[in-house]
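What follows is a short report on a single structure.
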Amino acid sequence: MSDNNLAALPTELLHNILSYSIWNTAGEFRVYTAATTGGRPKLWTNHTYYTVAATSRHLRNIVESFCQHLIILHKSTTKLLPLTKKSKNRTPNRIRWVKWIAKHCVFCGKGSTCMALMYNTIRCCRKCDKKEWPDKITMTAALNNYNLTKLDLFTPNVLYPENPFPVLRFGIYDCMGVYTTMFMKDEVEERAGLIHGKDSVEDQKARRRRRTRIECSMRMAVVGGRWVQIQSYDAQFRDKTDELHTLIQQERAGLPKSGIEHG
């Protein structure tokens with residue numbers, strides 16, 4: 001959509017579009033040194049509100065009015081006051097809003113450098129994270145308690161190339177030097193129901209053993225929630241291509257056409 005077409009949209013619709021980036025802290029931060037800026041080092045962010053406001057004067061006014069609305073709506077949490085003609089602080093509303101959400105927990109308003117575990121685009125302190133998303137479980141618990149494998153949790157993969165499952169949220173954090181992967185308990189239970197259906201526990205364990213063999217025969221690992229190829233010269237990974245192909249075909253033979261087992 002061109003800039004002219006975007007500017008032609010009604011104000012209400014533009015505000016609705018901007019609402020999708022209210023709490024987004026923008027993942028990319030770039031630091032410019034004093035040498036490149038001619039003075040103090042500057043921190044620049046490519047937040048949506050900045051880029052849209054830089055498009056035209058009309059869109060800048062739209063962004064400013066929307067951010068002023070946000071400041072008024074959330075003033076009890078942010079402690080920010082809307083700008084008036086008598087205000088000494090003339091910093092644009094968009095800058096005030098983006099700076100605040102980049103440094104404070106969006107739920108309690110306290111200063112925080114942490115991101116929400118399940119939504120890593122918003123600031124959230126650890127206390128509020130536990131309060132807002134209480135039912136989280138580790139990947140180890142998800143695998144052991146529900147007889148699942150990584151092939152069941154991280155899709156698409158060689159077993160489910162078309163990914164017939166709903167999105168499974170996860171978060172990764174550093175726990176005493178060890179990266180720990182967390183899932184929402186209700187979503188894992190739903191995934192286990194799609195995988196196992198009404199099968200008995202023994203059938204579930206047998207399915208897990210078969211898929212674990214496939215997983216161990218793959219020259220792939222899960223990195224950031226996605227399966228990636230790894231280079232290994234370990235003897236256990238040699239000459240297993242045919243075995244892996246056979247295991248996958250055998251496991252797929254037990255799946256219905258939809259790719260989801262129902263028992």
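By order in the structure tokens, chains are A, B, ...; within a chain, residues start at 1; ligands start at 1, following the order shown.
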Just the residues within 8 Å of range 141-144 of chain A, please, counting only C-alpha atoms, with nothing from its chain fewer than 3 positions along; format it as a short mmCIF file (atom, residue, chain, number, x, y, z; two decimals) with N, CA and C atoms, in the first residue's frame.
data_model
loop_
_atom_site.label_atom_id
_atom_site.label_comp_id
_atom_site.auth_asym_id
_atom_site.auth_seq_id
_atom_site.Cartn_x
_atom_site.Cartn_y
_atom_site.Cartn_z
N ILE A 137 5.14 -24.67 32.10
CA ILE A 137 5.90 -25.87 32.45
C ILE A 137 7.16 -25.93 31.60
N THR A 138 8.16 -26.61 32.10
CA THR A 138 9.40 -26.75 31.35
C THR A 138 9.24 -27.76 30.23
N ASN A 147 4.26 -37.79 27.52
CA ASN A 147 4.80 -38.78 26.57
C ASN A 147 4.97 -38.20 25.17
N LEU A 148 5.60 -37.04 25.11
CA LEU A 148 5.83 -36.36 23.84
C LEU A 148 7.32 -36.35 23.52
N THR A 149 7.63 -35.98 22.30
CA THR A 149 9.02 -35.79 21.88
C THR A 149 9.14 -34.38 21.30
N LYS A 150 10.35 -33.98 20.99
CA LYS A 150 10.55 -32.67 20.38
C LYS A 150 9.90 -32.60 19.01
N PHE A 183 6.77 -23.82 28.24
CA PHE A 183 5.54 -23.87 27.44
C PHE A 183 4.35 -23.55 28.35
N LYS A 185 1.00 -24.72 29.88
CA LYS A 185 0.53 -26.06 30.21
C LYS A 185 -0.72 -26.44 29.42
N VAL A 188 0.15 -27.39 25.85
CA VAL A 188 0.81 -28.70 25.76
C VAL A 188 -0.22 -29.82 25.92
#
Tell me, as a PyMOL selection string, which residues lie within 8 Å of Cys124 in chain A, counting only C-alpha atoms; anything in the same chain fewer than 4 positions away does not count.
chain A and resi 104-107+112-116+128-129
Could you list, as a PyMOL selection string, every residue within 9 Å of Arg226 in chain A, counting only C-alpha atoms and ignoring same-chain residues fewer than 3 positions away?
chain A and resi 154-157+221-223
Residues from last step as file, C-alpha atoms, as a short mmCIF file (atom, residue, chain, number, x, y, z; two decimals), in the first residue's frame:
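File produced: part.cif:
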data_model
loop_
_atom_site.label_atom_id
_atom_site.label_comp_id
_atom_site.auth_asym_id
_atom_site.auth_seq_id
_atom_site.Cartn_x
_atom_site.Cartn_y
_atom_site.Cartn_z
CA PHE A 154 8.41 -28.17 17.50
CA THR A 155 6.65 -28.31 14.15
CA PRO A 156 6.98 -28.39 11.17
CA ASN A 157 9.57 -31.17 10.91
CA ALA A 221 18.68 -29.93 16.43
CA VAL A 222 16.13 -27.44 17.73
CA VAL A 223 17.52 -23.91 17.81
#
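Distance-wise, CA of Leu153 in chain A and CA of Leu168 in chain A end up 7.3 Å apart.
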May I have all residues of range 95-169 of chain A that DSSP, computed from the backbone, assigns to strand (DSSP E or B), given as a PyMOL selection string?
chain A and resi 104+111+115+123+136-138
Env of Gly171 in chain A: 7 Å cut, atoms = only C-alpha atoms, seq-sep filter 6 positions within chain, self excluded. Answer as a ChimeraX atom specification.
/A:117-118,181-183
Extract, using only C-alpha atoms, all DNA, RNA and protein residues at most 8 Å from Met220 in chain A, discarding same-chain residues fewer than 2 positions from it, and format them as number ranges by chain.
A: 218, 222, 227-230
Convert the current residue selection to file output with N, CA and C atoms, as a tab-separated table (two decimals), in the first residue's frame.
chain	number	residue	atom	x	y	z
A	218	MET	N	18.30	-38.22	13.46
A	218	MET	CA	18.34	-37.01	12.64
A	218	MET	C	19.63	-36.24	12.89
A	222	VAL	N	17.06	-28.56	17.58
A	222	VAL	CA	16.13	-27.44	17.73
A	222	VAL	C	16.90	-26.23	18.22
A	227	TRP	N	13.90	-26.43	13.67
A	227	TRP	CA	14.84	-27.50	13.39
A	227	TRP	C	15.89	-27.01	12.38
A	228	VAL	N	17.15	-27.18	12.74
A	228	VAL	CA	18.24	-26.76	11.87
A	228	VAL	C	19.21	-27.91	11.68
A	229	GLN	N	19.87	-27.91	10.54
A	229	GLN	CA	20.85	-28.96	10.23
A	229	GLN	C	22.11	-28.73	11.04
A	230	ILE	N	22.68	-29.81	11.56
A	230	ILE	CA	23.93	-29.72	12.31
A	230	ILE	C	24.98	-30.57	11.62
Counting only C-alpha atoms, what is within 10 Å of Asp152 in chain A, bar same-chain residues fewer than 6 positions away, as a list of chain:residue names?
A:Leu143, A:Leu159, A:Tyr160, A:Phe165, A:Val188, A:Arg191, A:Ala192, A:Leu194, A:Ile195, A:Arg208, A:Arg211
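Ranking A:Thr11, A:Trp100, A:Ile22, A:Thr78 by their shortest atom-to-atom distance to Asn61 in chain A, with only C-alpha atoms included, puts A:Thr11 first.
For the atom pair formed by CA of Arg207 in chain A and CA of Lys136 in chain A, the distance is 24.6 Å, given to one decimal.
Ranking A:Ser65, A:Asn163, A:Asn5, A:Gln204 by their shortest atom-to-atom distance to Trp97 in chain A, with only C-alpha atoms included, puts A:Ser65 first.
DSSP secondary structure from the backbone places Asn93, Arg94, Ile95, Arg96, Trp97, Val98, Lys99, Trp100, Ile101, Ala102 and Lys103 of chain A of range 84-124 of chain A in alpha helix (DSSP H).
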So that I can see what lies close to Ile17 in chain A, please list as a VMD selection string the residues with an atom at most 12 Å from it, counting only C-alpha atoms and leaving out residues fewer than 6 positions away in the same chain.
chain A and resid 6 9 to 11 48 to 49 52 62 to 63 66
